[in-house]
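Heads up: the structure comes next, in structure tokens.
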Amino acid sequence: MAFITAYWSLDGMIVLMTLIITVHLYMTHKFNYWKKRNVLHAQPISILGNFKNSLLLKRSPGYLLKDFYDEGKGMPYIGFYILDKPFLLVRDRELIKNFLIKDFDYFIDRHATPNTTDRLAYFSLFFIKNPAWKILRTKLSPTFTSGKLKKMFELMLECGDNLDTYLESLKLEDKDIELDMKDLSSKFFIDIVGTTAYGLNVNSLNNPHNEFPKYSKQIFEVSILHAFEFLMILFLPNVIRFINARLFNKKVTAFLRNVFWQTIIQRIKSGKKRNDFIDALIELKGTHRDEDSGREFTFDGDDLLAQAAIFFIASYETSSTTMIFTLYELAKHPEVQNRLRKEILNALDEIDGKITYDMVMSLPYLDMVVSEILRMYPPLPFLDRITKETYKVPNSDLVLEKGTPIYISLLGVHYDPEYYPNPDKFDPERFTKENKRNRSPYVYLPFGDGPRMCIGSRMGLLQSKLGIIVILRKYEVKPCKKTLIPMVIEPASSSTMALGGTIHLNIRRINNDAN
């Protein structure tokens, strides 16, 4: 005789249905959270909330958040759920200002949190919590002043020369060659990060057997497992300890640790200065006490390495994304490409053909083009914060409980026709001085804003512009048969990435005398 009825099969069905109903009730008991607070919210489904398509890697979370933004048109914010947890997406630009700047102390930490066992990620400047974040940010900020960047630029120029040497080796004078622009830009920026963050002459474009690119690919590979792990870190940090999600796998961690400490030891022993990120970290290690940042973080060991590791990811990914999408849009819009090339060549003529820091930073049309690319394709398409204390939202009855995740959709704001008419159109004219002056504040946020905005934004722009200049001064890019038109975004990636992680274009040497 069965436990409940006379049949084991019927008992099994009853137990299964009871379990399903219990899980359903448990996972949905909070789905009235936003309704009780009179907040417009996306309609959730059982268990997965509003995040089904992203959790199944069918829609990039950046674009899902844009869907919520569009759904909340006319409202200052909209609620949504990931599993059973309530999140808030902020739409109103004044509230964006409050969360990022005016009331920053309430939202000083990111919601995203790596696994505590993944020390290179957990204690990096991007993820680290306050008060250690504030101390570390203060110590590292001087590394990215214009004076320091000018000195670093000399190291970047060597990588630009390597890129030029590689393109020259392809013999592009009389033919178009199809290139994987993601592979090209990846190697170029790996070289830059290798020299500025690790003191290495990588030259991966002309030395394909170098180990640095090999391990770098493991960090940025497009795979279901890696995509899911990164998604958990960004949106479900309470889950990662159960699945042991890691931003850096053990082999990558071991490689970076070995390279980093070899460089540190050699640099200290030689006393040589290269004006790079390693110099800044050596100074941090030697002049600051661990007590300055609290008990958890130290200015040594993997905690110091964590800064070089996240510098690698942030600098590489931001710059690579910006450059390849710039080349993609220029290939589709030859009139913009020709105008930009003319500006570059005219500037080079005035300084005897040598690229300089001041020249790169003084090209207005290049800045307009890159700004428009960052509007359309922000590398990380959302900002996240978590409420540190109970917070009363200004001009409303809404009170946010401590621990409420707050998100800002950059794609939502950047594609809002109220701020950017015909937002799907690539139009650098949006960023003339006059148009920027007349535009509402806090509606252009590719690097965030406020105290926690991207610390390396100027460096990212500098190296992206350098790569574009090196290519356009001698070559033109055009669409090829593999070029995605219109662009399709990789649904399994939390960052902005073309489908499959790559963009193919034709490239050809031009006759500069004709331009």
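A note on labels: chains of the structure tokens are A, B, ... as shown, every chain counts residues from 1, and ligands are counted from 1 in their shown order.
DSSP secondary structure from the backbone places A:Phe382, A:Leu383, A:Asp384, A:Arg385, A:Ile386, A:Tyr391, A:Lys392, A:Val399, A:Leu400, A:Pro405, A:Ile406, A:Tyr407, A:Ile408, A:Ser409, A:Tyr475, A:Glu476, A:Val477 of region 359-477 of chain A in strand (DSSP E or B).
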Do you have, as CSV, the list of residues of region 210-280 of chain A lying at most 12 Å from region 401-417 of chain A, each with its nearest atom pair and that distance in Å to one decimal, counting only C-alpha atoms and ordered by chain then number?
```
residue,atom,partner,partner_atom,distance
A:Leu234,CA,A:Pro405,CA,10.8
A:Phe235,CA,A:Pro405,CA,8.9
A:Leu236,CA,A:Pro405,CA,10.3
A:Pro237,CA,A:Pro405,CA,11.1
A:Asn238,CA,A:Gly403,CA,11.9
```
- Message: Just the number, please: distance in Å from CA of Gly286 (chain A) to CA of Tyr122 (chain A), one decimal.
- Response: 22.3 Å
- Message: Could you pull out the alpha helix (DSSP H) residues of region 377-425 of chain A, going by DSSP on the backbone, and write them as number ranges by chain?
- Response: A: 410-414
Can you write just those residues out, C-alpha atoms, as a short mmCIF file (atom, residue, chain, number, x, y, z; two decimals), in the first residue's frame?
```
data_model
loop_
_atom_site.label_atom_id
_atom_site.label_comp_id
_atom_site.auth_asym_id
_atom_site.auth_seq_id
_atom_site.Cartn_x
_atom_site.Cartn_y
_atom_site.Cartn_z
CA LEU A 410 22.11 53.22 -20.89
CA LEU A 411 20.51 51.81 -24.03
CA GLY A 412 17.13 53.05 -22.85
CA VAL A 413 18.40 56.59 -22.25
CA HIS A 414 20.69 56.64 -25.31
#
```
- Item | Exercise: Leu445 (chain A) partners within 12 Å, only C-alpha atoms, chain neighbours under 2 positions left out, as a PyMOL selection string | chain A and resi 93+96-97+100+371-372+374-383+408-415+440-443+447-450+453-454+457
Residues just named, written with C-alpha atoms as a PDB file, in the first residue's frame:
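File written: again-v9.pdb
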```
ATOM      1  CA  ARG A  93      17.171  61.987 -15.544  1.00  0.00           C
ATOM      2  CA  ILE A  96      19.581  59.394 -12.312  1.00  0.00           C
ATOM      3  CA  LYS A  97      21.465  62.455 -11.068  1.00  0.00           C
ATOM      4  CA  LEU A 100      24.762  58.698  -9.260  1.00  0.00           C
ATOM      5  CA  SER A 371      30.833  59.734 -28.999  1.00  0.00           C
ATOM      6  CA  GLU A 372      28.045  58.595 -31.304  1.00  0.00           C
ATOM      7  CA  LEU A 374      29.403  55.034 -27.488  1.00  0.00           C
ATOM      8  CA  ARG A 375      25.807  56.258 -27.553  1.00  0.00           C
ATOM      9  CA  MET A 376      24.732  53.437 -29.881  1.00  0.00           C
ATOM     10  CA  TYR A 377      27.002  50.702 -28.520  1.00  0.00           C
ATOM     11  CA  PRO A 378      27.929  51.393 -24.864  1.00  0.00           C
ATOM     12  CA  PRO A 379      30.330  48.564 -23.885  1.00  0.00           C
ATOM     13  CA  LEU A 380      28.445  47.811 -20.649  1.00  0.00           C
ATOM     14  CA  PRO A 381      24.864  48.855 -21.465  1.00  0.00           C
ATOM     15  CA  PHE A 382      23.624  49.429 -17.908  1.00  0.00           C
ATOM     16  CA  LEU A 383      24.689  50.814 -14.535  1.00  0.00           C
ATOM     17  CA  ILE A 408      19.951  52.448 -15.147  1.00  0.00           C
ATOM     18  CA  SER A 409      19.538  51.389 -18.769  1.00  0.00           C
ATOM     19  CA  LEU A 410      22.110  53.215 -20.888  1.00  0.00           C
ATOM     20  CA  LEU A 411      20.509  51.812 -24.032  1.00  0.00           C
ATOM     21  CA  GLY A 412      17.129  53.054 -22.849  1.00  0.00           C
ATOM     22  CA  VAL A 413      18.399  56.589 -22.247  1.00  0.00           C
ATOM     23  CA  HIS A 414      20.689  56.644 -25.308  1.00  0.00           C
ATOM     24  CA  TYR A 415      17.889  55.501 -27.626  1.00  0.00           C
ATOM     25  CA  SER A 440      19.556  67.586 -21.328  1.00  0.00           C
ATOM     26  CA  PRO A 441      22.159  66.474 -18.770  1.00  0.00           C
ATOM     27  CA  TYR A 442      22.446  62.858 -17.599  1.00  0.00           C
ATOM     28  CA  VAL A 443      21.226  61.347 -20.874  1.00  0.00           C
ATOM     29  CA  PHE A 447      31.161  55.653 -18.704  1.00  0.00           C
ATOM     30  CA  GLY A 448      28.634  56.324 -15.961  1.00  0.00           C
ATOM     31  CA  ASP A 449      28.784  59.542 -13.940  1.00  0.00           C
ATOM     32  CA  GLY A 450      29.574  60.760 -10.468  1.00  0.00           C
ATOM     33  CA  MET A 453      32.193  56.658 -13.056  1.00  0.00           C
ATOM     34  CA  CYS A 454      34.805  54.711 -15.034  1.00  0.00           C
ATOM     35  CA  SER A 457      37.457  56.572 -19.410  1.00  0.00           C
TER      36      SER A 457
END
```
- Excluding same-chain residues fewer than 5 positions from region 125-127 of chain A, what lies within 9 Å of it counting only C-alpha atoms, as a ChimeraX atom specification? /A:109-114,132-133,136-137,306-307,310-311,314,452,454
- Item | Spatial neighbours of Asp303 (chain A), 9 Å, only C-alpha atoms, chain gap at least 5 places, as a PyMOL selection string | chain A and resi 119-120+122-124+297-298
Output N, CA and C atoms for every residue in the selection just made, as a tab-separated table (two decimals), in the first residue's frame.
```tsv
chain	number	residue	atom	x	y	z
A	119	ARG	N	39.24	36.16	-5.81
A	119	ARG	CA	39.77	37.37	-5.18
A	119	ARG	C	40.18	38.44	-6.21
A	120	LEU	N	40.64	38.01	-7.39
A	120	LEU	CA	41.05	38.99	-8.40
A	120	LEU	C	39.88	39.84	-8.86
A	122	TYR	N	36.76	40.04	-6.91
A	122	TYR	CA	36.04	40.55	-5.74
A	122	TYR	C	36.69	41.81	-5.17
A	123	PHE	N	38.04	41.88	-5.17
A	123	PHE	CA	38.72	43.03	-4.59
A	123	PHE	C	39.23	44.02	-5.63
A	124	SER	N	38.73	43.90	-6.85
A	124	SER	CA	39.11	44.88	-7.87
A	124	SER	C	38.34	46.18	-7.66
A	297	PHE	N	40.86	44.28	2.72
A	297	PHE	CA	41.71	44.57	1.58
A	297	PHE	C	43.14	44.91	2.01
A	298	THR	N	44.12	44.44	1.24
A	298	THR	CA	45.52	44.78	1.52
A	298	THR	C	46.16	45.35	0.27
```
